[in-house]
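Colleague: So here's final_36.csv, just CSV, C-alpha atoms:
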```
chain,number,residue,atom,x,y,z
N,975,MET,CA,23.0,-0.8,-20.5
N,976,ILE,CA,24.6,2.0,-18.5
N,977,ASN,CA,24.0,5.6,-19.5
N,978,MET,CA,26.0,8.4,-18.1
N,979,THR,CA,23.4,11.1,-17.8
N,980,LEU,CA,19.8,11.5,-16.8
N,981,SER,CA,18.3,13.3,-19.8
N,982,LYS,CA,15.7,16.0,-19.7
N,983,ASN,CA,13.2,13.7,-21.4
N,984,LYS,CA,13.8,11.1,-18.7
N,985,ILE,CA,13.3,13.7,-15.9
N,986,LYS,CA,10.1,14.9,-17.6
N,987,TYR,CA,8.9,11.3,-17.9
N,988,ILE,CA,9.6,10.6,-14.2
N,989,GLN,CA,7.8,13.8,-13.2
N,990,SER,CA,4.8,12.9,-15.4
N,991,LEU,CA,4.2,9.8,-13.2
N,992,LYS,CA,2.9,12.0,-10.5
N,993,ASP,CA,-0.3,12.0,-12.6
N,994,LYS,CA,-2.5,9.0,-12.2
N,995,LYS,CA,-3.6,9.3,-15.9
N,996,ARG,CA,0.1,9.0,-17.0
N,997,ARG,CA,0.7,6.1,-14.6
N,998,MET,CA,-2.2,4.2,-16.1
N,999,GLU,CA,-1.1,5.1,-19.6
N,1000,TYR,CA,2.5,3.8,-19.1
N,1001,GLY,CA,1.7,1.2,-16.5
N,1002,THR,CA,4.6,2.3,-14.4
N,1003,PHE,CA,5.3,4.0,-11.1
N,1004,VAL,CA,8.2,5.7,-9.3
N,1005,ALA,CA,10.1,4.6,-6.2
N,1006,GLU,CA,12.8,6.6,-4.4
N,1007,GLY,CA,15.5,5.6,-2.0
N,1008,LYS,CA,17.8,2.6,-1.7
N,1009,LYS,CA,15.6,0.6,0.6
N,1010,ILE,CA,12.4,0.8,-1.4
N,1011,VAL,CA,14.1,0.4,-4.8
N,1012,SER,CA,16.1,-2.6,-3.6
N,1013,ASP,CA,12.9,-4.3,-2.2
N,1014,LEU,CA,11.0,-3.7,-5.4
N,1015,LEU,CA,13.9,-5.1,-7.6
N,1016,VAL,CA,13.1,-8.5,-6.0
N,1017,SER,CA,9.4,-8.5,-6.8
N,1018,CYS,CA,8.7,-6.1,-9.7
N,1019,GLN,CA,9.9,-5.6,-13.2
N,1020,CYS,CA,12.1,-2.5,-13.4
N,1021,GLN,CA,12.1,-0.2,-16.4
N,1022,PHE,CA,15.2,1.8,-15.3
N,1023,ILE,CA,17.0,3.2,-12.3
N,1024,ALA,CA,19.0,6.4,-11.9
N,1025,VAL,CA,21.8,6.4,-9.3
N,1026,LEU,CA,24.6,8.6,-8.1
N,1027,PRO,CA,28.0,7.5,-9.6
N,1028,GLU,CA,29.3,6.3,-6.2
N,1029,MET,CA,26.4,3.9,-5.9
N,1030,LEU,CA,26.8,2.4,-9.4
N,1031,ASN,CA,28.6,-0.7,-8.2
N,1032,GLU,CA,25.8,-1.7,-5.9
N,1033,PHE,CA,23.4,-1.9,-8.8
N,1034,ALA,CA,25.7,-2.9,-11.6
N,1035,TYR,CA,24.3,-6.5,-11.5
N,1036,LEU,CA,21.1,-5.1,-13.1
N,1037,ASN,CA,23.0,-4.7,-16.3
N,1038,ASP,CA,23.0,-8.5,-16.6
N,1039,ARG,CA,19.2,-8.5,-16.3
N,1040,GLY,CA,18.9,-6.0,-19.2
N,1041,ILE,CA,17.7,-3.2,-16.9
N,1042,GLU,CA,18.8,0.3,-18.0
N,1043,ILE,CA,21.1,2.0,-15.4
N,1044,ILE,CA,21.6,5.7,-15.5
N,1045,THR,CA,24.4,7.5,-13.5
N,1046,ALA,CA,22.9,10.8,-12.4
N,1047,SER,CA,24.2,13.8,-10.7
N,1048,GLU,CA,22.7,15.1,-7.5
N,1049,GLU,CA,21.2,18.0,-9.4
N,1050,GLU,CA,19.6,15.7,-12.0
N,1051,LEU,CA,18.1,13.5,-9.2
N,1052,LYS,CA,16.9,16.6,-7.5
N,1053,LYS,CA,15.0,17.7,-10.6
N,1054,ALA,CA,13.5,14.2,-11.0
N,1055,SER,CA,12.6,13.6,-7.3
N,1056,PHE,CA,9.3,14.1,-5.6
N,1057,LEU,CA,11.0,14.4,-2.2
N,1058,LYS,CA,12.3,17.5,-0.5
N,1059,THR,CA,15.7,15.9,-0.3
N,1060,ALA,CA,16.6,13.9,-3.4
N,1061,PRO,CA,17.6,10.3,-2.7
N,1062,PRO,CA,20.7,8.6,-4.2
N,1063,VAL,CA,18.6,6.3,-6.3
N,1064,ILE,CA,15.3,6.6,-8.2
N,1065,GLY,CA,13.7,3.6,-9.9
N,1066,VAL,CA,10.8,3.4,-12.4
N,1067,PHE,CA,8.9,0.1,-12.2
N,1068,TYR,CA,6.1,-1.6,-14.1
N,1069,GLN,CA,2.9,-2.0,-12.2
N,1070,PRO,CA,2.4,-5.7,-11.4
N,1071,LYS,CA,-0.8,-7.4,-12.6
N,1072,ASN,CA,-2.2,-8.7,-9.3
N,1073,ASP,CA,-4.7,-11.5,-9.9
N,1074,PHE,CA,-7.0,-11.9,-6.9
N,1075,SER,CA,-8.9,-14.9,-8.5
N,1076,VAL,CA,-6.1,-17.1,-7.2
N,1077,VAL,CA,-6.1,-15.7,-3.7
N,1078,ASP,CA,-7.2,-18.1,-1.0
N,1079,LEU,CA,-9.9,-16.1,0.7
N,1080,LYS,CA,-11.1,-18.8,3.0
N,1081,ASN,CA,-8.0,-19.7,4.9
N,1082,ASN,CA,-6.3,-16.3,5.5
N,1083,ILE,CA,-7.0,-12.8,6.9
N,1084,HIS,CA,-7.3,-10.0,4.3
N,1085,LEU,CA,-7.8,-6.3,4.6
N,1086,VAL,CA,-10.6,-4.4,2.8
N,1087,LEU,CA,-10.3,-0.6,2.5
N,1088,ASP,CA,-13.4,1.5,1.9
N,1089,GLY,CA,-12.5,4.9,0.5
N,1090,ILE,CA,-9.2,5.6,2.3
N,1091,GLN,CA,-8.0,9.0,1.0
N,1092,ASP,CA,-4.8,10.0,2.7
N,1093,PRO,CA,-1.6,8.7,1.0
N,1094,GLY,CA,0.2,8.5,4.4
N,1095,ASN,CA,-2.6,6.4,5.9
N,1096,MET,CA,-2.6,4.1,2.9
N,1097,GLY,CA,1.1,3.6,2.9
N,1098,THR,CA,1.1,2.9,6.7
N,1099,ILE,CA,-1.7,0.4,6.3
N,1100,VAL,CA,0.3,-1.5,3.7
N,1101,ARG,CA,3.2,-1.5,6.1
N,1102,ILE,CA,1.0,-2.8,8.9
N,1103,ALA,CA,-0.3,-5.6,6.6
N,1104,ASP,CA,3.2,-6.5,5.7
N,1105,TRP,CA,4.2,-6.6,9.4
N,1106,PHE,CA,1.3,-8.9,10.3
N,1107,GLY,CA,1.7,-11.2,7.3
N,1108,ILE,CA,-1.4,-10.0,5.4
N,1109,GLU,CA,-0.6,-10.4,1.8
N,1110,ASN,CA,-3.7,-9.0,0.1
N,1111,ILE,CA,-5.6,-5.7,0.4
N,1112,PHE,CA,-8.8,-5.2,-1.5
N,1113,CYS,CA,-9.7,-1.5,-2.1
N,1114,SER,CA,-12.7,0.4,-3.4
N,1115,PRO,CA,-11.9,2.2,-6.7
N,1116,ASP,CA,-11.9,5.6,-4.9
N,1117,THR,CA,-9.3,4.5,-2.4
N,1118,VAL,CA,-6.1,6.5,-2.9
N,1119,ASP,CA,-3.8,5.0,-5.6
N,1120,ILE,CA,-1.1,2.8,-4.2
N,1121,TYR,CA,1.2,4.0,-7.0
N,1122,LEU,CA,1.0,7.7,-6.1
N,1123,PRO,CA,4.6,8.6,-5.4
N,1124,LYS,CA,3.7,9.7,-1.8
N,1125,THR,CA,1.9,6.5,-1.1
N,1126,VAL,CA,4.8,4.4,-2.5
N,1127,GLN,CA,7.2,6.2,-0.2
N,1128,SER,CA,4.9,5.8,2.8
N,1129,THR,CA,4.9,2.0,2.4
N,1130,MET,CA,8.7,1.9,3.1
N,1131,GLY,CA,9.1,-1.0,0.8
N,1132,ALA,CA,6.1,-3.1,2.0
N,1133,ILE,CA,4.5,-2.5,-1.5
N,1134,ALA,CA,7.0,-5.1,-2.7
N,1135,ARG,CA,5.3,-7.9,-0.6
N,1136,VAL,CA,1.7,-6.8,-0.3
N,1137,LYS,CA,-0.7,-7.1,-3.2
N,1138,VAL,CA,-3.2,-4.3,-3.6
N,1139,HIS,CA,-6.4,-4.9,-5.6
N,1140,TYR,CA,-8.9,-2.2,-6.7
N,1141,ILE,CA,-12.4,-3.8,-7.1
N,1142,ASP,CA,-16.1,-3.1,-6.8
N,1143,LEU,CA,-16.5,-3.8,-3.0
N,1144,ASN,CA,-20.2,-4.4,-3.3
N,1145,ILE,CA,-19.8,-7.2,-5.8
N,1146,PHE,CA,-16.7,-8.6,-4.0
N,1147,LEU,CA,-18.3,-8.7,-0.6
N,1148,LYS,CA,-21.6,-10.1,-2.0
N,1149,ASN,CA,-19.7,-12.9,-3.7
N,1150,ASN,CA,-17.9,-13.7,-0.5
N,1151,SER,CA,-20.7,-13.1,2.0
N,1152,ASP,CA,-20.3,-16.6,3.3
N,1153,LEU,CA,-17.0,-15.5,4.9
N,1154,LEU,CA,-16.6,-13.8,8.3
N,1155,ILE,CA,-16.5,-10.1,7.4
N,1156,TYR,CA,-15.4,-7.8,10.2
N,1157,GLY,CA,-15.8,-4.1,10.5
N,1158,THR,CA,-15.2,-1.5,13.3
N,1159,PHE,CA,-18.2,0.5,14.6
N,1160,LEU,CA,-19.2,2.4,17.8
N,1161,ASP,CA,-22.0,-0.1,18.4
N,1162,GLY,CA,-19.8,-3.2,17.9
N,1163,GLU,CA,-18.5,-5.8,20.3
N,1164,ASP,CA,-15.4,-5.1,22.4
N,1165,ILE,CA,-12.6,-6.4,20.3
N,1166,TYR,CA,-10.7,-7.5,23.4
N,1167,LYS,CA,-13.5,-9.7,24.6
N,1168,THR,CA,-14.6,-11.1,21.2
N,1169,ASN,CA,-13.7,-14.4,19.7
N,1170,LEU,CA,-11.7,-13.7,16.5
N,1171,SER,CA,-11.2,-16.1,13.6
N,1172,GLU,CA,-8.0,-17.0,11.9
N,1173,ASN,CA,-9.6,-16.2,8.5
N,1174,GLY,CA,-11.9,-13.7,7.1
N,1175,LEU,CA,-12.1,-10.1,5.8
N,1176,ILE,CA,-11.4,-7.0,7.9
N,1177,VAL,CA,-13.0,-3.8,6.6
N,1178,MET,CA,-11.6,-0.4,7.5
N,1179,GLY,CA,-13.5,2.7,6.5
N,1180,ASN,CA,-12.8,6.2,5.2
N,1181,GLU,CA,-11.0,8.7,7.5
N,1182,GLY,CA,-14.1,11.0,7.9
N,1183,SER,CA,-17.2,8.9,7.2
N,1184,GLY,CA,-16.1,5.4,8.2
N,1185,ILE,CA,-17.5,2.3,6.5
N,1186,ARG,CA,-20.2,3.3,3.9
N,1187,SER,CA,-23.7,1.8,4.1
N,1188,TYR,CA,-23.3,-0.3,0.9
N,1189,VAL,CA,-20.3,-2.0,2.4
N,1190,GLU,CA,-21.6,-2.1,6.0
N,1191,LYS,CA,-24.6,-4.3,4.9
N,1192,TRP,CA,-22.1,-7.1,4.2
N,1193,VAL,CA,-20.4,-6.9,7.6
N,1194,ASN,CA,-21.5,-9.8,9.8
N,1195,ARG,CA,-19.1,-9.3,12.7
N,1196,ARG,CA,-19.2,-5.7,14.2
N,1197,LEU,CA,-16.2,-4.8,16.4
N,1198,PHE,CA,-15.4,-1.9,18.7
N,1199,ILE,CA,-12.1,-0.6,19.9
N,1200,PRO,CA,-12.8,0.8,23.4
N,1201,ASN,CA,-11.0,3.8,24.8
N,1202,TYR,CA,-9.5,3.7,28.3
N,1203,PRO,CA,-10.9,4.2,30.9
N,1204,ALA,CA,-14.4,3.7,29.5
N,1205,LEU,CA,-16.1,6.9,30.9
N,1206,ARG,CA,-13.2,9.2,30.2
N,1207,THR,CA,-13.7,12.1,27.8
N,1208,THR,CA,-11.4,11.3,24.8
N,1209,SER,CA,-10.8,11.9,21.1
N,1210,GLU,CA,-13.7,11.4,18.8
N,1211,SER,CA,-12.1,8.5,16.9
N,1212,LEU,CA,-8.8,6.8,16.1
N,1213,ASN,CA,-6.8,7.4,13.0
N,1214,VAL,CA,-7.6,4.7,10.5
N,1215,ALA,CA,-4.0,3.4,10.3
N,1216,ALA,CA,-3.8,3.3,14.1
N,1217,ALA,CA,-7.1,1.4,14.3
N,1218,THR,CA,-5.9,-1.0,11.6
N,1219,ALA,CA,-2.8,-1.8,13.6
N,1220,ILE,CA,-4.8,-2.5,16.7
N,1221,VAL,CA,-7.2,-4.8,14.9
N,1222,CYS,CA,-4.5,-6.7,13.0
N,1223,SER,CA,-2.5,-7.1,16.2
N,1224,GLU,CA,-5.5,-8.6,18.0
N,1225,PHE,CA,-6.3,-11.1,15.2
N,1226,ARG,CA,-2.7,-12.3,15.1
N,1227,ARG,CA,-2.4,-12.4,18.9
N,1228,ARG,CA,-5.3,-14.9,19.1
N,1229,GLU,CA,-3.7,-17.4,16.7
```
Taking this structure as input, can you express it in the form of C-alpha cells?

Modeller:
Amino acid sequence: MINMTLSKNKIKYIQSLKDKKRRMEYGTFVAEGKKIVSDLLVSCQCQFIAVLPEMLNEFAYLNDRGIEIITASEEELKKASFLKTAPPVIGVFYQPKNDFSVVDLKNNIHLVLDGIQDPGNMGTIVRIADWFGIENIFCSPDTVDIYLPKTVQSTMGAIARVKVHYIDLNIFLKNNSDLLIYGTFLDGEDIYKTNLSENGLIVMGNEGSGIRSYVEKWVNRRLFIPNYPALRTTSESLNVAAATAIVCSEFRRRE
C-alpha cells in the first residue's frame, strides 16, 4: 500500500520511539537513511517506510511484500527525523526476537558488554563486531539500548547482521564458566605476546569503571593492551570502542 502523505499521527508515533518505554510497548524501532534502511529490509520485518517521492521507485518492490510505503515531503521527514539533517528515507522496523539458546558458544568468538553507556560507543562496537565476523553480542541489562535511535544510526547498518542479547551476565557467565572468558585489565598479560583462542567470550567494560567485580570473577584470561613505548607518559586509558577493535583484530589475526 502506498500512501501519499506522512500524517501527523505517524510523525508523532515515530518521535515516540525515542522513548525506550514506547519502543518496548510497540516492539519497534526507527532507522534513518538509505544504507541502514536497505540493510535492515533484508533481515528485519518492516512496519512501514517514509520516502521522498523521487526515491519511491527504489522501494516500490516493498508493496509486493505488503509493507506500507509513504511518500513524504522534506518538511514531513524533517519533523519525523532524529537527525540534524533529515534523510531521504525513514523506516520503522519490528525488533527481532534474538534467541541465544541456539548460539554455538563453544566454537566461535563472542563479545560481552558490561554496562556500556554511550550510544556512539555501542554502535561502533556493533560495527566492529560486524567487521570481524562476530555475530553475537551479550549485554548486561544496563548497557545502552541497541534500539535507541542514536545507537541504531551509529551501527551504520551493522545492526542488520549482529544479534544483540540483553541478559543477566552473572548467570550467563556462571553457566558458561567452562569457556575461555577474556577481559582487559591493567594487570593482564600483554595481548601481543599471549596465545589467543579461536573461541571464547571477550568481555569489555564500562567507559568509566571498566569490568565490574561480579563479572570480573568469571574472567579466566586477563589481557592488557600496552601503550608504546612502555615507559612513556600517556593517556589514562583507551576508549572502549577503540580497545574492542584492537582486541578483536588480535583474535582474528591469530587464526

Colleague: What are the nearest atom pairs, with distances in Å to one decimal, for all residues of segment 1016-1059 of chain N that come at most 12 Å from segment 979-990 of chain N, using only C-alpha atoms, set out by chain and rising residue number as JSON lines?

Modeller:
```
{"residue": "N:Gln1021", "atom": "CA", "partner": "N:Ile988", "partner_atom": "CA", "distance": 11.3}
{"residue": "N:Phe1022", "atom": "CA", "partner": "N:Lys984", "partner_atom": "CA", "distance": 10.0}
{"residue": "N:Ile1023", "atom": "CA", "partner": "N:Leu980", "partner_atom": "CA", "distance": 9.8}
{"residue": "N:Ala1024", "atom": "CA", "partner": "N:Leu980", "partner_atom": "CA", "distance": 7.1}
{"residue": "N:Val1025", "atom": "CA", "partner": "N:Leu980", "partner_atom": "CA", "distance": 9.3}
{"residue": "N:Leu1026", "atom": "CA", "partner": "N:Thr979", "partner_atom": "CA", "distance": 10.1}
{"residue": "N:Pro1027", "atom": "CA", "partner": "N:Thr979", "partner_atom": "CA", "distance": 10.1}
{"residue": "N:Glu1042", "atom": "CA", "partner": "N:Leu980", "partner_atom": "CA", "distance": 11.3}
{"residue": "N:Ile1043", "atom": "CA", "partner": "N:Thr979", "partner_atom": "CA", "distance": 9.7}
{"residue": "N:Ile1044", "atom": "CA", "partner": "N:Thr979", "partner_atom": "CA", "distance": 6.1}
{"residue": "N:Thr1045", "atom": "CA", "partner": "N:Thr979", "partner_atom": "CA", "distance": 5.7}
{"residue": "N:Ala1046", "atom": "CA", "partner": "N:Leu980", "partner_atom": "CA", "distance": 5.4}
{"residue": "N:Ser1047", "atom": "CA", "partner": "N:Thr979", "partner_atom": "CA", "distance": 7.6}
{"residue": "N:Glu1048", "atom": "CA", "partner": "N:Leu980", "partner_atom": "CA", "distance": 10.4}
{"residue": "N:Glu1049", "atom": "CA", "partner": "N:Leu980", "partner_atom": "CA", "distance": 9.9}
{"residue": "N:Glu1050", "atom": "CA", "partner": "N:Leu980", "partner_atom": "CA", "distance": 6.4}
{"residue": "N:Leu1051", "atom": "CA", "partner": "N:Leu980", "partner_atom": "CA", "distance": 8.0}
{"residue": "N:Lys1052", "atom": "CA", "partner": "N:Ile985", "partner_atom": "CA", "distance": 9.6}
{"residue": "N:Lys1053", "atom": "CA", "partner": "N:Ile985", "partner_atom": "CA", "distance": 6.9}
{"residue": "N:Ala1054", "atom": "CA", "partner": "N:Ile985", "partner_atom": "CA", "distance": 4.9}
{"residue": "N:Ser1055", "atom": "CA", "partner": "N:Gln989", "partner_atom": "CA", "distance": 7.6}
{"residue": "N:Phe1056", "atom": "CA", "partner": "N:Gln989", "partner_atom": "CA", "distance": 7.8}
{"residue": "N:Leu1057", "atom": "CA", "partner": "N:Gln989", "partner_atom": "CA", "distance": 11.5}
```

Colleague: Might you pull out every residue within 12 Å of segment 1073-1083 of chain N, with only C-alpha atoms counted and same-chain residues fewer than 2 positions away left off, and present them as a short mmCIF file (atom, residue, chain, number, x, y, z; two decimals) with C-alpha atoms, keeping the file's coordinate frame?

Modeller:
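The result, stored in part_30.cif:
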```cif
data_model
loop_
_atom_site.label_atom_id
_atom_site.label_comp_id
_atom_site.auth_asym_id
_atom_site.auth_seq_id
_atom_site.Cartn_x
_atom_site.Cartn_y
_atom_site.Cartn_z
CA PRO N 1070 2.40 -5.70 -11.40
CA LYS N 1071 -0.80 -7.40 -12.60
CA LEU N 1085 -7.80 -6.30 4.60
CA VAL N 1086 -10.60 -4.40 2.80
CA ALA N 1103 -0.30 -5.60 6.60
CA PHE N 1106 1.30 -8.90 10.30
CA GLY N 1107 1.70 -11.20 7.30
CA ILE N 1108 -1.40 -10.00 5.40
CA GLU N 1109 -0.60 -10.40 1.80
CA ASN N 1110 -3.70 -9.00 0.10
CA ILE N 1111 -5.60 -5.70 0.40
CA PHE N 1112 -8.80 -5.20 -1.50
CA CYS N 1113 -9.70 -1.50 -2.10
CA LYS N 1137 -0.70 -7.10 -3.20
CA VAL N 1138 -3.20 -4.30 -3.60
CA HIS N 1139 -6.40 -4.90 -5.60
CA TYR N 1140 -8.90 -2.20 -6.70
CA ILE N 1141 -12.40 -3.80 -7.10
CA PHE N 1146 -16.70 -8.60 -4.00
CA LEU N 1147 -18.30 -8.70 -0.60
CA ASN N 1149 -19.70 -12.90 -3.70
CA ASN N 1150 -17.90 -13.70 -0.50
CA SER N 1151 -20.70 -13.10 2.00
CA ASP N 1152 -20.30 -16.60 3.30
CA LEU N 1153 -17.00 -15.50 4.90
CA LEU N 1154 -16.60 -13.80 8.30
CA ILE N 1155 -16.50 -10.10 7.40
CA TYR N 1156 -15.40 -7.80 10.20
CA LEU N 1170 -11.70 -13.70 16.50
CA SER N 1171 -11.20 -16.10 13.60
CA GLU N 1172 -8.00 -17.00 11.90
CA ASN N 1173 -9.60 -16.20 8.50
CA GLY N 1174 -11.90 -13.70 7.10
CA LEU N 1175 -12.10 -10.10 5.80
CA ILE N 1176 -11.40 -7.00 7.90
CA VAL N 1177 -13.00 -3.80 6.60
CA VAL N 1221 -7.20 -4.80 14.90
CA CYS N 1222 -4.50 -6.70 13.00
CA SER N 1223 -2.50 -7.10 16.20
CA GLU N 1224 -5.50 -8.60 18.00
CA PHE N 1225 -6.30 -11.10 15.20
CA ARG N 1226 -2.70 -12.30 15.10
CA GLU N 1229 -3.70 -17.40 16.70
#
```

Colleague: Looking at all atoms listed in the file, which of N:Phe1033, N:Ile1165, N:Met1178, N:Tyr1188 is the one that sits closest to Pro1200 of chain N?

Modeller: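 The closest residue to Pro1200 of chain N is N:Ile1165.
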
Colleague: Given all atoms listed in the file as the basis, pick out the residue of N:Gly1179, N:Gly1097, N:Pro1123, N:Gly1157 nearest to Asp993 of chain N.

Modeller: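 Smallest distance to Asp993 of chain N is found for N:Pro1123.
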
Colleague: May I ask which of the residues N:Gly1182, N:Ile1120, N:Gly1131, N:Ser1114 is the closest one to Leu1015 of chain N, counting only C-alpha atoms?

Modeller: N:Gly1131

Colleague: Under the rule that all atoms listed in the file are counted, which of N:Ile1010, N:Val1004, N:Met1130, N:Val1118 is the nearest residue to Val1100 of chain N?

Modeller: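 Of all the options, N:Met1130 lies closest to Val1100 of chain N.
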
Colleague: Name the closest residue to Ile1090 of chain N among the candidates N:Ser1017, N:Thr1002, N:Thr1218, N:Ser1211; distances are taken between atoms, counting only C-alpha atoms.

Modeller: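 Nearest to Ile1090 of chain N: N:Thr1218.
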
Colleague: Write out as JSON, numbers by chain each polymer residue whose atoms come within 12 Å of Ala1216 of chain N, counting all atoms listed in the file; drop sequence neighbours fewer than 6 positions from it.

Modeller: {"N": [1094, 1095, 1096, 1098, 1099, 1101, 1102, 1178, 1181, 1199, 1222, 1223]}

Colleague: Save the residues we just selected, C-alpha atoms, as a PDB file, in the frame of the given file?

Modeller:
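Printed below is part_13.pdb as written:
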```pdb
ATOM      1  CA  GLY N1094       0.200   8.500   4.400  1.00  0.00           C
ATOM      2  CA  ASN N1095      -2.600   6.400   5.900  1.00  0.00           C
ATOM      3  CA  MET N1096      -2.600   4.100   2.900  1.00  0.00           C
ATOM      4  CA  THR N1098       1.100   2.900   6.700  1.00  0.00           C
ATOM      5  CA  ILE N1099      -1.700   0.400   6.300  1.00  0.00           C
ATOM      6  CA  ARG N1101       3.200  -1.500   6.100  1.00  0.00           C
ATOM      7  CA  ILE N1102       1.000  -2.800   8.900  1.00  0.00           C
ATOM      8  CA  MET N1178     -11.600  -0.400   7.500  1.00  0.00           C
ATOM      9  CA  GLU N1181     -11.000   8.700   7.500  1.00  0.00           C
ATOM     10  CA  ILE N1199     -12.100  -0.600  19.900  1.00  0.00           C
ATOM     11  CA  CYS N1222      -4.500  -6.700  13.000  1.00  0.00           C
ATOM     12  CA  SER N1223      -2.500  -7.100  16.200  1.00  0.00           C
TER      13      SER N1223
END
```

Colleague: Select, counting only C-alpha atoms, all protein, DNA and RNA residues no farther than 7 Å from (10.8, -2.8, -0.3) in file coordinates, and express the selection as a PyMOL selection string.

Modeller: chain N and resi 1009-1014+1130-1134

Colleague: Do you have the atom CA of Thr1059 of chain N-atom CA of Ser1128 of chain N distance handy?

Modeller: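 We find that atom CA of Thr1059 of chain N and atom CA of Ser1128 of chain N lie 15.1 Å from each other.
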
Colleague: Between atom CA of Arg1196 of chain N and atom CA of Asp1104 of chain N, what distance in Å does the model show, to one decimal?

Modeller: 24.0 Å

Colleague: Go ahead and compute the interatomic distance for atom CA of Glu1190 of chain N and atom CA of Phe1159 of chain N, in Å to one decimal.

Modeller: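 That distance, rounded to one decimal, is 9.6 Å.
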